[in-house]
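Trainee: The following file, model31.pdb, comprises PDB, C-alpha atoms and all ligand atoms:
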ATOM      1  CA  MET V1050       0.000   0.000   0.000
ATOM      2  CA  ASN V1051       1.191   3.484  -0.792
ATOM      3  CA  MET V1052       1.667   4.980   2.651
ATOM      4  CA  HIS V1053       2.181   8.449   1.206
ATOM      5  CA  SER V1054      -1.386   8.703   0.031
ATOM      6  CA  PRO V1055      -3.314  10.837   2.504
ATOM      7  CA  LEU V1056      -6.441   8.882   1.588
ATOM      8  CA  ASN V1057      -5.323   5.556   2.931
ATOM      9  CA  ALA V1058      -5.337   6.687   6.529
ATOM     10  CA  THR V1059      -9.042   7.417   6.481
ATOM     11  CA  VAL V1060     -10.639   5.434   3.624
ATOM     12  CA  ARG V1061     -11.626   1.967   4.752
ATOM     13  CA  ASN V1062     -13.771   1.078   1.788
ATOM     14  CA  ASP V1063     -12.028   0.550  -1.533
ATOM     15  CA  ILE V1064     -15.389   0.879  -3.296
ATOM     16  CA  GLU V1065     -18.561   2.664  -2.215
ATOM     17  CA  LEU V1066     -21.769   2.735  -4.228
ATOM     18  CA  ARG V1067     -24.631   4.974  -3.113
ATOM     19  CA  HIS V1068     -28.011   4.781  -4.827
ATOM     20  CA  VAL V1069     -26.388   4.096  -8.184
ATOM     21  CA  THR V1070     -28.740   4.011 -11.179
ATOM     22  CA  VAL V1071     -27.442   3.312 -14.690
ATOM     23  CA  ARG V1072     -29.376   3.393 -17.947
ATOM     24  CA  TYR V1073     -28.496   2.535 -21.526
ATOM     25  CA  GLY V1074     -30.951   4.809 -23.278
ATOM     26  CA  TRP V1075     -34.340   3.638 -22.094
ATOM     27  CA  ARG V1076     -33.019   0.403 -20.638
ATOM     28  CA  LEU V1077     -32.532   0.358 -16.901
ATOM     29  CA  ALA V1078     -29.374  -1.647 -16.123
ATOM     30  CA  LEU V1079     -28.862  -0.782 -12.432
ATOM     31  CA  GLU V1080     -31.379   0.746 -10.063
ATOM     32  CA  ASP V1081     -30.600   2.338  -6.708
ATOM     33  CA  VAL V1082     -27.671   0.042  -5.892
ATOM     34  CA  SER V1083     -25.779   0.746  -2.668
ATOM     35  CA  PHE V1084     -23.037  -1.313  -1.097
ATOM     36  CA  ASP V1085     -19.426  -1.112   0.065
ATOM     37  CA  VAL V1086     -16.367  -3.206  -0.636
ATOM     38  CA  PRO V1087     -14.143  -2.835   2.442
ATOM     39  CA  HIS V1088     -10.395  -2.707   1.943
ATOM     40  CA  GLY V1089      -8.884  -6.183   2.199
ATOM     41  CA  SER V1090     -12.173  -8.017   1.733
ATOM     42  CA  PHE V1091     -13.205 -10.657  -0.795
ATOM     43  CA  CYS V1092     -16.605  -9.815  -2.289
ATOM     44  CA  GLY V1093     -18.643 -11.772  -4.791
ATOM     45  CA  ILE V1094     -21.348 -10.484  -7.112
ATOM     46  CA  ILE V1095     -23.840 -12.965  -8.476
ATOM     47  CA  GLY V1096     -26.932 -12.592 -10.606
ATOM     48  CA  PRO V1097     -28.533 -13.954 -13.761
ATOM     49  CA  ASN V1098     -27.519 -12.897 -17.265
ATOM     50  CA  GLY V1099     -28.425  -9.287 -17.913
ATOM     51  CA  SER V1100     -28.736  -8.456 -14.207
ATOM     52  CA  GLY V1101     -26.213  -5.602 -14.440
ATOM     53  CA  LYS V1102     -23.038  -7.256 -13.121
ATOM     54  CA  THR V1103     -20.752  -6.086 -15.920
ATOM     55  CA  THR V1104     -22.444  -2.690 -15.884
ATOM     56  CA  LEU V1105     -21.693  -2.383 -12.179
ATOM     57  CA  ILE V1106     -18.037  -3.166 -12.721
ATOM     58  CA  ARG V1107     -17.730  -0.791 -15.652
ATOM     59  CA  THR V1108     -19.306   1.895 -13.504
ATOM     60  CA  VAL V1109     -16.784   1.245 -10.731
ATOM     61  CA  LEU V1110     -14.006   1.540 -13.313
ATOM     62  CA  GLY V1111     -15.364   4.904 -14.425
ATOM     63  CA  LEU V1112     -16.196   3.635 -17.918
ATOM     64  CA  ILE V1113     -19.916   4.314 -17.457
ATOM     65  CA  GLU V1114     -21.439   7.345 -15.760
ATOM     66  CA  PRO V1115     -24.460   6.676 -13.532
ATOM     67  CA  VAL V1116     -27.561   8.767 -14.217
ATOM     68  CA  SER V1117     -27.902   9.195 -10.479
ATOM     69  CA  GLY V1118     -26.098   8.176  -7.313
ATOM     70  CA  ASN V1119     -22.428   8.193  -6.373
ATOM     71  CA  VAL V1120     -19.489   5.863  -6.863
ATOM     72  CA  LEU V1121     -16.268   6.235  -4.896
ATOM     73  CA  VAL V1122     -13.133   4.193  -5.531
ATOM     74  CA  PHE V1123     -10.351   4.710  -2.991
ATOM     75  CA  GLY V1124     -12.484   7.603  -1.760
ATOM     76  CA  ARG V1125     -12.614   9.370  -5.122
ATOM     77  CA  ASP V1126     -14.775   9.669  -8.177
ATOM     78  CA  PRO V1127     -13.533   6.925 -10.555
ATOM     79  CA  SER V1128     -13.005   9.480 -13.338
ATOM     80  CA  GLU V1129     -10.627  11.418 -11.093
ATOM     81  CA  LEU V1130      -8.389   8.578  -9.978
ATOM     82  CA  GLY V1131      -5.493   9.572 -12.223
ATOM     83  CA  ALA V1132      -2.393   7.520 -11.454
ATOM     84  CA  GLU V1133      -4.219   5.722  -8.654
ATOM     85  CA  ARG V1134      -6.121   3.855 -11.340
ATOM     86  CA  SER V1135      -3.130   1.566 -11.686
ATOM     87  CA  ARG V1136      -4.016   0.308  -8.190
ATOM     88  CA  ILE V1137      -6.909  -1.534  -9.884
ATOM     89  CA  GLY V1138      -6.243  -4.851 -11.589
ATOM     90  CA  TYR V1139      -9.015  -5.828 -13.993
ATOM     91  CA  VAL V1140      -9.795  -9.130 -15.669
ATOM     92  CA  PRO V1141     -12.630  -8.371 -18.127
ATOM     93  CA  GLN V1142     -15.424 -10.817 -18.903
ATOM     94  CA  HIS V1143     -13.853 -11.832 -22.192
ATOM     95  CA  ALA V1144     -10.244 -11.567 -21.144
ATOM     96  CA  GLY V1145      -9.087 -11.871 -24.718
ATOM     97  CA  ILE V1146      -6.086 -14.123 -24.638
ATOM     98  CA  ASP V1147      -6.036 -16.444 -27.611
ATOM     99  CA  PHE V1148      -4.213 -19.422 -26.183
ATOM    100  CA  THR V1149      -3.405 -20.760 -29.626
ATOM    101  CA  PHE V1150      -1.420 -17.612 -30.424
ATOM    102  CA  PRO V1151       2.364 -18.176 -30.586
ATOM    103  CA  LEU V1152       3.257 -16.141 -27.516
ATOM    104  CA  ARG V1153       5.433 -16.930 -24.528
ATOM    105  CA  VAL V1154       3.978 -16.719 -21.027
ATOM    106  CA  ILE V1155       6.087 -13.716 -20.043
ATOM    107  CA  ASP V1156       5.078 -11.776 -23.168
ATOM    108  CA  ALA V1157       1.405 -12.472 -22.481
ATOM    109  CA  VAL V1158       1.811 -11.083 -18.953
ATOM    110  CA  MET V1159       3.597  -7.990 -20.284
ATOM    111  CA  THR V1160       0.579  -7.188 -22.484
ATOM    112  CA  GLY V1161      -1.020  -6.159 -19.174
ATOM    113  CA  LEU V1162       1.453  -3.263 -19.083
ATOM    114  CA  TYR V1163       0.842  -1.834 -22.516
ATOM    115  CA  GLY V1164      -2.653  -2.948 -23.384
ATOM    116  CA  LYS V1165      -5.280  -0.796 -24.983
ATOM    117  CA  ARG V1166      -6.761   0.253 -21.695
ATOM    118  CA  GLY V1167      -4.766   3.433 -21.511
ATOM    119  CA  PRO V1168      -6.012   4.610 -18.119
ATOM    120  CA  PHE V1169      -4.594   1.484 -16.524
ATOM    121  CA  ARG V1170      -1.126   2.164 -17.786
ATOM    122  CA  LYS V1171       1.540   3.072 -15.326
ATOM    123  CA  HIS V1172       5.133   3.823 -16.068
ATOM    124  CA  VAL V1173       7.090   0.691 -15.284
ATOM    125  CA  SER V1174      10.745   0.864 -16.299
ATOM    126  CA  ASP V1175      11.449  -2.837 -16.095
ATOM    127  CA  HIS V1176       8.640  -4.609 -17.942
ATOM    128  CA  ARG V1177      10.256  -8.017 -17.801
ATOM    129  CA  GLY V1178      10.979  -7.663 -14.100
ATOM    130  CA  ALA V1179       7.396  -6.624 -13.384
ATOM    131  CA  ALA V1180       6.039  -9.539 -15.428
ATOM    132  CA  LEU V1181       8.334 -12.031 -13.711
ATOM    133  CA  ALA V1182       7.346 -10.710 -10.281
ATOM    134  CA  ALA V1183       3.664 -11.096 -11.196
ATOM    135  CA  LEU V1184       4.282 -14.648 -12.433
ATOM    136  CA  LYS V1185       6.110 -15.467  -9.224
ATOM    137  CA  ARG V1186       3.078 -14.486  -7.178
ATOM    138  CA  VAL V1187       1.075 -17.257  -8.863
ATOM    139  CA  GLU V1188       4.053 -19.636  -8.908
ATOM    140  CA  MET V1189       4.390 -19.505 -12.680
ATOM    141  CA  ASP V1190       7.820 -17.850 -13.008
ATOM    142  CA  THR V1191       9.461 -21.131 -13.989
ATOM    143  CA  LEU V1192       7.085 -21.303 -16.965
ATOM    144  CA  ALA V1193       7.927 -17.787 -18.208
ATOM    145  CA  LYS V1194       9.433 -18.931 -21.504
ATOM    146  CA  ARG V1195       6.867 -21.586 -22.284
ATOM    147  CA  PRO V1196       4.450 -21.029 -25.207
ATOM    148  CA  ILE V1197       0.984 -20.200 -23.847
ATOM    149  CA  SER V1198      -0.501 -22.938 -26.049
ATOM    150  CA  GLU V1199       1.204 -25.511 -23.803
ATOM    151  CA  LEU V1200      -0.431 -24.337 -20.581
ATOM    152  CA  SER V1201      -2.997 -26.421 -18.728
ATOM    153  CA  GLY V1202      -6.395 -24.994 -17.820
ATOM    154  CA  GLY V1203      -5.230 -24.113 -14.322
ATOM    155  CA  GLN V1204      -2.061 -22.460 -15.589
ATOM    156  CA  ARG V1205      -4.101 -20.387 -18.036
ATOM    157  CA  GLN V1206      -6.113 -18.879 -15.216
ATOM    158  CA  ARG V1207      -3.016 -18.103 -13.252
ATOM    159  CA  LEU V1208      -1.659 -16.357 -16.333
ATOM    160  CA  LEU V1209      -4.802 -14.191 -16.445
ATOM    161  CA  ILE V1210      -4.305 -13.287 -12.802
ATOM    162  CA  ALA V1211      -0.598 -12.590 -13.318
ATOM    163  CA  ARG V1212      -1.435 -10.257 -16.185
ATOM    164  CA  ALA V1213      -3.852  -8.358 -13.924
ATOM    165  CA  LEU V1214      -1.238  -8.239 -11.131
ATOM    166  CA  VAL V1215       1.551  -6.806 -13.236
ATOM    167  CA  HIS V1216       0.840  -3.271 -11.981
ATOM    168  CA  GLU V1217       0.804  -4.487  -8.374
ATOM    169  CA  PRO V1218      -2.823  -3.489  -7.801
ATOM    170  CA  THR V1219      -4.365  -3.329  -4.323
ATOM    171  CA  LEU V1220      -7.831  -4.006  -5.757
ATOM    172  CA  LEU V1221      -8.459  -6.855  -8.168
ATOM    173  CA  ILE V1222     -11.733  -6.921 -10.124
ATOM    174  CA  LEU V1223     -12.669 -10.016 -12.123
ATOM    175  CA  ASP V1224     -15.723 -10.334 -14.363
ATOM    176  CA  GLU V1225     -16.639 -14.003 -14.758
ATOM    177  CA  PRO V1226     -12.995 -15.034 -15.114
ATOM    178  CA  THR V1227     -13.828 -18.719 -15.323
ATOM    179  CA  SER V1228     -16.305 -18.449 -18.198
ATOM    180  CA  ALA V1229     -13.657 -19.357 -20.782
ATOM    181  CA  LEU V1230     -12.318 -22.221 -18.654
ATOM    182  CA  ASP V1231     -13.616 -25.654 -17.941
ATOM    183  CA  HIS V1232     -15.513 -26.093 -14.700
ATOM    184  CA  ARG V1233     -12.819 -28.001 -12.876
ATOM    185  CA  ALA V1234     -10.119 -25.453 -13.624
ATOM    186  CA  GLY V1235     -12.426 -22.769 -12.238
ATOM    187  CA  GLU V1236     -12.069 -23.907  -8.650
ATOM    188  CA  GLY V1237      -8.312 -23.534  -8.821
ATOM    189  CA  LEU V1238      -8.732 -19.904  -9.760
ATOM    190  CA  TYR V1239     -10.776 -19.235  -6.638
ATOM    191  CA  GLU V1240      -8.037 -20.826  -4.540
ATOM    192  CA  TRP V1241      -5.513 -18.401  -6.004
ATOM    193  CA  LEU V1242      -7.788 -15.425  -5.462
ATOM    194  CA  HIS V1243      -8.293 -16.523  -1.885
ATOM    195  CA  ARG V1244      -4.535 -16.690  -1.430
ATOM    196  CA  LEU V1245      -3.950 -13.230  -2.867
ATOM    197  CA  ASN V1246      -6.652 -11.853  -0.631
ATOM    198  CA  ASP V1247      -5.563 -13.683   2.496
ATOM    199  CA  LEU V1248      -1.779 -13.483   2.251
ATOM    200  CA  ASP V1249      -1.242 -10.292   0.264
ATOM    201  CA  GLY V1250      -4.252  -8.357   1.516
ATOM    202  CA  ILE V1251      -5.485  -7.585  -1.993
ATOM    203  CA  THR V1252      -9.154  -6.590  -2.113
ATOM    204  CA  VAL V1253     -10.970  -8.883  -4.531
ATOM    205  CA  LEU V1254     -14.270  -8.145  -6.268
ATOM    206  CA  LEU V1255     -15.385 -11.201  -8.213
ATOM    207  CA  VAL V1256     -18.349 -11.500 -10.537
ATOM    208  CA  SER V1257     -19.437 -15.066 -11.071
ATOM    209  CA  HIS V1258     -22.264 -17.324 -12.079
ATOM    210  CA  ASP V1259     -20.955 -20.064  -9.889
ATOM    211  CA  MET V1260     -22.825 -19.300  -6.705
ATOM    212  CA  GLY V1261     -21.972 -22.502  -4.893
ATOM    213  CA  VAL V1262     -18.218 -22.217  -5.356
ATOM    214  CA  VAL V1263     -18.059 -18.469  -4.844
ATOM    215  CA  SER V1264     -19.968 -18.749  -1.595
ATOM    216  CA  ARG V1265     -17.210 -20.850  -0.127
ATOM    217  CA  TYR V1266     -14.532 -18.223  -0.656
ATOM    218  CA  VAL V1267     -16.039 -14.765  -0.307
ATOM    219  CA  ASP V1268     -16.596 -12.692   2.836
ATOM    220  CA  THR V1269     -19.678 -11.046   1.410
ATOM    221  CA  ILE V1270     -21.882 -11.660  -1.566
ATOM    222  CA  ALA V1271     -24.014  -9.154  -3.461
ATOM    223  CA  CYS V1272     -27.005 -10.634  -5.275
ATOM    224  CA  LEU V1273     -27.950  -8.462  -8.198
ATOM    225  CA  ASN V1274     -31.001  -8.310 -10.384
ATOM    226  CA  THR V1275     -30.903  -4.708 -11.632
ATOM    227  CA  ARG V1276     -31.542  -3.843  -7.988
ATOM    228  CA  LEU V1277     -29.467  -5.219  -5.144
ATOM    229  CA  VAL V1278     -31.574  -8.140  -3.999
ATOM    230  CA  ALA V1279     -29.408  -8.992  -0.997
ATOM    231  CA  HIS V1280     -25.930  -8.293   0.353
ATOM    232  CA  GLY V1281     -24.117  -9.851   3.267
ATOM    233  CA  ARG V1282     -22.367 -13.018   4.370
ATOM    234  CA  PRO V1283     -23.123 -15.926   2.027
ATOM    235  CA  SER V1284     -24.851 -17.976   4.704
ATOM    236  CA  GLU V1285     -27.158 -15.037   5.431
ATOM    237  CA  VAL V1286     -28.054 -14.001   1.904
ATOM    238  CA  ILE V1287     -28.265 -17.230  -0.074
ATOM    239  CA  THR V1288     -31.818 -18.129   0.783
ATOM    240  CA  GLY V1289     -34.790 -19.351  -1.174
ATOM    241  CA  GLY V1290     -36.300 -15.840  -1.064
ATOM    242  CA  THR V1291     -33.160 -14.255  -2.502
ATOM    243  CA  LEU V1292     -32.992 -16.771  -5.311
ATOM    244  CA  GLU V1293     -36.662 -16.289  -6.065
ATOM    245  CA  SER V1294     -36.066 -12.527  -6.382
ATOM    246  CA  MET V1295     -33.038 -13.045  -8.606
ATOM    247  CA  TYR V1296     -34.150 -15.812 -10.870
ATOM    248  CA  GLY V1297     -37.905 -15.406 -10.605
ATOM    249  CA  CYS V1298     -38.476 -19.107 -10.249
ATOM    250  CA  GLY V1299     -38.578 -21.751  -7.596
ATOM    251  CA  ALA V1300     -35.206 -22.769  -6.242
ATOM    252  CA  VAL V1301     -34.473 -25.751  -4.101
ATOM    253  CA  LEU V1302     -31.792 -25.501  -1.473
ATOM    254  CA  PHE V1303     -29.965 -28.534  -0.194
ATOM    255  CA  GLY V1304     -27.753 -28.553   2.867
ATOM    256  CA  HIS V1305     -24.175 -28.970   1.637
ATOM    257  CA  GLY V1306     -21.591 -28.424   4.322
ATOM    258  CA  GLU V1307     -22.090 -24.893   5.581
ATOM    259  CA  MET V1308     -23.403 -23.618   2.288
ATOM    260  CA  PRO V1309     -26.649 -24.589   0.671
ATOM    261  CA  HIS V1310     -26.464 -26.060  -2.773
ATOM    262  CA  MET V1311     -28.965 -24.759  -5.242
ATOM    263  CA  VAL V1312     -30.980 -26.207  -8.056
ATOM    264  CA  VAL V1313     -32.910 -23.713 -10.165
ATOM    265  CA  GLU V1314     -35.432 -24.795 -12.713
ATOM    266  CA  GLU V1315     -34.398 -23.622 -16.170
ATOM    267  CA  SER V1316     -36.562 -20.810 -17.436
ATOM    268  CA  PRO V1317     -36.611 -19.997 -21.151
ATOM    269  CA  HIS V1318     -35.522 -16.381 -20.516
ATOM    270  CA  ARG V1319     -32.590 -16.960 -18.220
ATOM    271  CA  ASN V1320     -29.963 -16.872 -20.917
ATOM    272  CA  ASP V1321     -31.539 -14.118 -22.943
ATOM    273  CA  GLU V1322     -29.708 -10.864 -22.257
ATOM    274  CA  GLY V1323     -32.528  -8.924 -23.850
ATOM    275  CA  HIS V1324     -34.968  -9.761 -21.083
ATOM    276  CA  GLY V1325     -34.588  -7.646 -17.997
ATOM    277  CA  PRO V1326     -36.581  -8.199 -14.858
TER     278      PRO V1326
HETATM  279  P1  LIG V1401     -24.622  -9.022 -16.813
HETATM  280  O1  LIG V1401     -23.163  -8.717 -16.825
HETATM  281  O2  LIG V1401     -25.176  -9.271 -15.449
HETATM  282  O3  LIG V1401     -24.991 -10.136 -17.758
HETATM  283  P2  LIG V1401     -24.908  -6.452 -18.139
HETATM  284  O4  LIG V1401     -24.414  -5.437 -17.180
HETATM  285  O5  LIG V1401     -24.010  -6.854 -19.241
HETATM  286  O6  LIG V1401     -25.424  -7.728 -17.319
HETATM  287  O7  LIG V1401     -26.254  -5.936 -18.790
HETATM  288  C1  LIG V1401     -27.321  -5.380 -18.011
HETATM  289  C2  LIG V1401     -28.459  -4.956 -18.948
HETATM  290  O8  LIG V1401     -28.029  -3.853 -19.753
HETATM  291  C3  LIG V1401     -28.903  -6.025 -19.920
HETATM  292  O9  LIG V1401     -30.283  -5.881 -20.112
HETATM  293  C4  LIG V1401     -28.151  -5.713 -21.196
HETATM  294  O10 LIG V1401     -28.852  -6.152 -22.334
HETATM  295  C5  LIG V1401     -28.084  -4.192 -21.145
HETATM  296  N1  LIG V1401     -26.863  -3.652 -21.759
HETATM  297  C6  LIG V1401     -25.588  -3.980 -21.435
HETATM  298  N2  LIG V1401     -24.706  -3.273 -22.160
HETATM  299  C7  LIG V1401     -25.445  -2.485 -22.990
HETATM  300  C8  LIG V1401     -25.129  -1.518 -23.991
HETATM  301  N3  LIG V1401     -23.865  -1.216 -24.285
HETATM  302  N4  LIG V1401     -26.170  -0.910 -24.621
HETATM  303  C9  LIG V1401     -27.456  -1.187 -24.322
HETATM  304  N5  LIG V1401     -27.814  -2.086 -23.383
HETATM  305  C10 LIG V1401     -26.841  -2.722 -22.721
HETATM  306 MG    MG V1402     -21.546  -9.686 -17.673
END
Can you turn what I pasted into structure tokens?

Mentor:
Amino acid sequence: MNMHSPLNATVRNDIELRHVTVRYGWRLALEDVSFDVPHGSFCGIIGPNGSGKTTLIRTVLGLIEPVSGNVLVFGRDPSELGAERSRIGYVPQHAGIDFTFPLRVIDAVMTGLYGKRGPFRKHVSDHRGAALAALKRVEMDTLAKRPISELSGGQRQRLLIARALVHEPTLLILDEPTSALDHRAGEGLYEWLHRLNDLDGITVLLVSHDMGVVSRYVDTIACLNTRLVAHGRPSEVITGGTLESMYGCGAVLFGHGEMPHMVVEESPHRNDEGHGP
């Protein structure tokens, strides 16, 4: 953490949303959403397709302006973060690494330093050193020279994390990072995120469909369906009522360790992004 920042002494929430409403033209994407992401916490966001999860993240990143309400990131308006923006690591929903491309692991990680997302750029004099340090944090430094096409599913996820860590962010935001990976590899990713949160104190905000798995790792979970349906500890918020409000259909909860396991009946509209609530 940058101890010279006067903000860090007083700001305990990395993200604060207050009554945030976002529209795309006539379409309401977020309505009156308020919640905090405390510094050092691991927060999950779940919700059906089209429930506003990506919109929420893009609003936090300052890429979308709410029509009403306030967003603060590190205590500031996201559009005024300036150099502090490099404290955010971001893994977008379609993270855009073509694993068949003839690229070495270290080069793929370095693309995180000079990608298209200009605002995330920070001057780093030693690109290779920064990329190697990021790879080391996910125990991939010994694979630095390997072609990315040779990586296993688990190693691919760690590469995505390493690329997001290359700026040494204090806040890591991931939008459905497992969607391009097979289900089994997904769990490994959560283990690594848990490690980064627990050992390195990085704040993690994770959007996921995988409610059961996410619930095992996060401190708090926000259930979104345009509005914030529920927010709190997983065991408190994952209830039949919450799922009914999110998915609009009967859900059956089974006891499964501490966390309930859910079965939702398929509804024809669930995967149709064009159908809001
Ligand atoms: P999620 O990530 O939960 O699937 P999104 O935030 O992508 O949801 O979308 C929320 C709603 O806003 C959906 O109804 C979607 O169709 C709509 N939407 C998303 N992006 C745009 C856009 N660029 N223009 C118009 N509507 C959009
Ligand atoms: Mg999305």

Trainee: Let me see if you get this right: every residue at most 10 Å from ligand LIG 1401 (chain V), counting only C-alpha atoms and all ligand atoms, written as an MDAnalysis selection string.

Mentor: chainID V and resid 1071:1079 1094:1108 1113 1142 1224:1225 1256:1258 1273:1275 1320:1326

Trainee: Could you tell me which residues the PyMOL selection byres (((chain V and resi 1187) around 12) and not hetatm) grabs in this file, written as a VMD selection string?

Mentor: chain V and resid 1158 1180 to 1186 1188 to 1193 1203 to 1215 1237 to 1238 1240 to 1245 1249

Trainee: Considering only C-alpha atoms and all ligand atoms, state which residue in the set V:Arg1195, V:Leu1223, V:Gly1202, V:Pro1151 is at the smallest distance from ligand MG 1402 (chain V).

Mentor: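 Nearest candidate to ligand MG 1402 (chain V) out of V:Arg1195, V:Leu1223, V:Gly1202, V:Pro1151: V:Leu1223.
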
Trainee: Between CA of Arg1265 (chain V) and CA of Glu1285 (chain V), what is the distance in Å, rounded to a tenth?

Mentor: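 Separation between CA of Arg1265 (chain V) and CA of Glu1285 (chain V): 12.8 Å.
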
Trainee: Return the single residue from V:Val1140, V:Leu1248, V:Leu1277, V:Val1253 that is closest to ligand MG 1402 (chain V), with distances computed using all atoms listed in the file.

Mentor: V:Val1140

Trainee: Rank V:Ser1294, V:His1143, V:Gly1250, V:Gly1281 by their smallest atom-to-atom distance to ligand MG 1402 (chain V), using all atoms listed in the file, and report the top residue only.

Mentor: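 With all atoms listed in the file as the atom set, the closest residue is V:His1143.
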
Trainee: Could you check how far CA of Arg1177 (chain V) sits from CA of Pro1141 (chain V), in Å to one decimal?

Mentor: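 CA of Arg1177 (chain V) sits 22.9 Å away from CA of Pro1141 (chain V).
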
Trainee: If you apply the PyMOL selection byres (((chain V and resi 1145-1149) around 6) and not hetatm) to this file, what residues do you get, as an mmCIF file with C-alpha atoms, in the coordinates of the input?

Mentor:
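Now in expr.cif:
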data_model
loop_
_atom_site.group_PDB
_atom_site.id
_atom_site.type_symbol
_atom_site.label_atom_id
_atom_site.label_comp_id
_atom_site.auth_asym_id
_atom_site.auth_seq_id
_atom_site.Cartn_x
_atom_site.Cartn_y
_atom_site.Cartn_z
ATOM 1 C CA HIS V 1143 -13.853 -11.832 -22.192
ATOM 2 C CA ALA V 1144 -10.244 -11.567 -21.144
ATOM 3 C CA PHE V 1150 -1.420 -17.612 -30.424
ATOM 4 C CA ILE V 1197 0.984 -20.200 -23.847
ATOM 5 C CA SER V 1198 -0.501 -22.938 -26.049
#

Trainee: Determine, counting all atoms listed in the file, which protein, DNA and RNA residues have an atom within 7 Å of an atom of Ser1090 (chain V); residues of the same chain fewer than 4 positions away are not included. Present the result as an MDAnalysis selection string.

Mentor: chainID V and resid 1086 1252:1253 1268

Trainee: Rounded to one decimal, what separation in Å do you get between CA of Gly1124 (chain V) and CA of Arg1067 (chain V)?

Mentor: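 Between these atoms lies a distance of 12.5 Å.
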
Trainee: Write out as a list in words which residues come within 7 Å of Pro1196 (chain V) when counting all atoms listed in the file, dropping same-chain ones fewer than 2 positions away.

Mentor: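 Surrounding residues, per the criterion: Pro1151, Leu1152, Arg1153, Val1154, Lys1194, Ser1198 and Glu1199 of chain V.
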
Trainee: Include C-alpha atoms and write out the residues we just selected as a CSV table (one decimal), in the frame of the given file.

Mentor:
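Writing the result to again-v6.csv gives the following:
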chain,number,residue,atom,x,y,z
V,1151,PRO,CA,2.4,-18.2,-30.6
V,1152,LEU,CA,3.3,-16.1,-27.5
V,1153,ARG,CA,5.4,-16.9,-24.5
V,1154,VAL,CA,4.0,-16.7,-21.0
V,1194,LYS,CA,9.4,-18.9,-21.5
V,1198,SER,CA,-0.5,-22.9,-26.0
V,1199,GLU,CA,1.2,-25.5,-23.8

Trainee: How big is the axis-aligned box around all listed atoms of region 1251-1260 of chain V once 8 Å goes on each side, and where's its centre, in Å to one decimal, as lines of an AutoDock Vina configuration file?

Mentor:
center_x = -14.2
center_y = -13.3
center_z = -7.0
size_x = 33.3
size_y = 29.5
size_z = 26.1

Trainee: I'd like the contact shell of Ser1083 (chain V) - 10 Å cut-off, only C-alpha atoms, skipping same-chain residues fewer than 6 positions apart - returned as number ranges by chain.

Mentor: V: 1065-1070, 1118-1120, 1276-1277, 1280

Trainee: Rank nothing, just name the residue among V:Pro1283, V:Thr1291, V:Pro1127, V:Pro1226 nearest to ligand MG 1402 (chain V), using all atoms listed in the file.

Mentor: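 Among V:Pro1283, V:Thr1291, V:Pro1127, V:Pro1226, it is V:Pro1226 that comes nearest to ligand MG 1402 (chain V).
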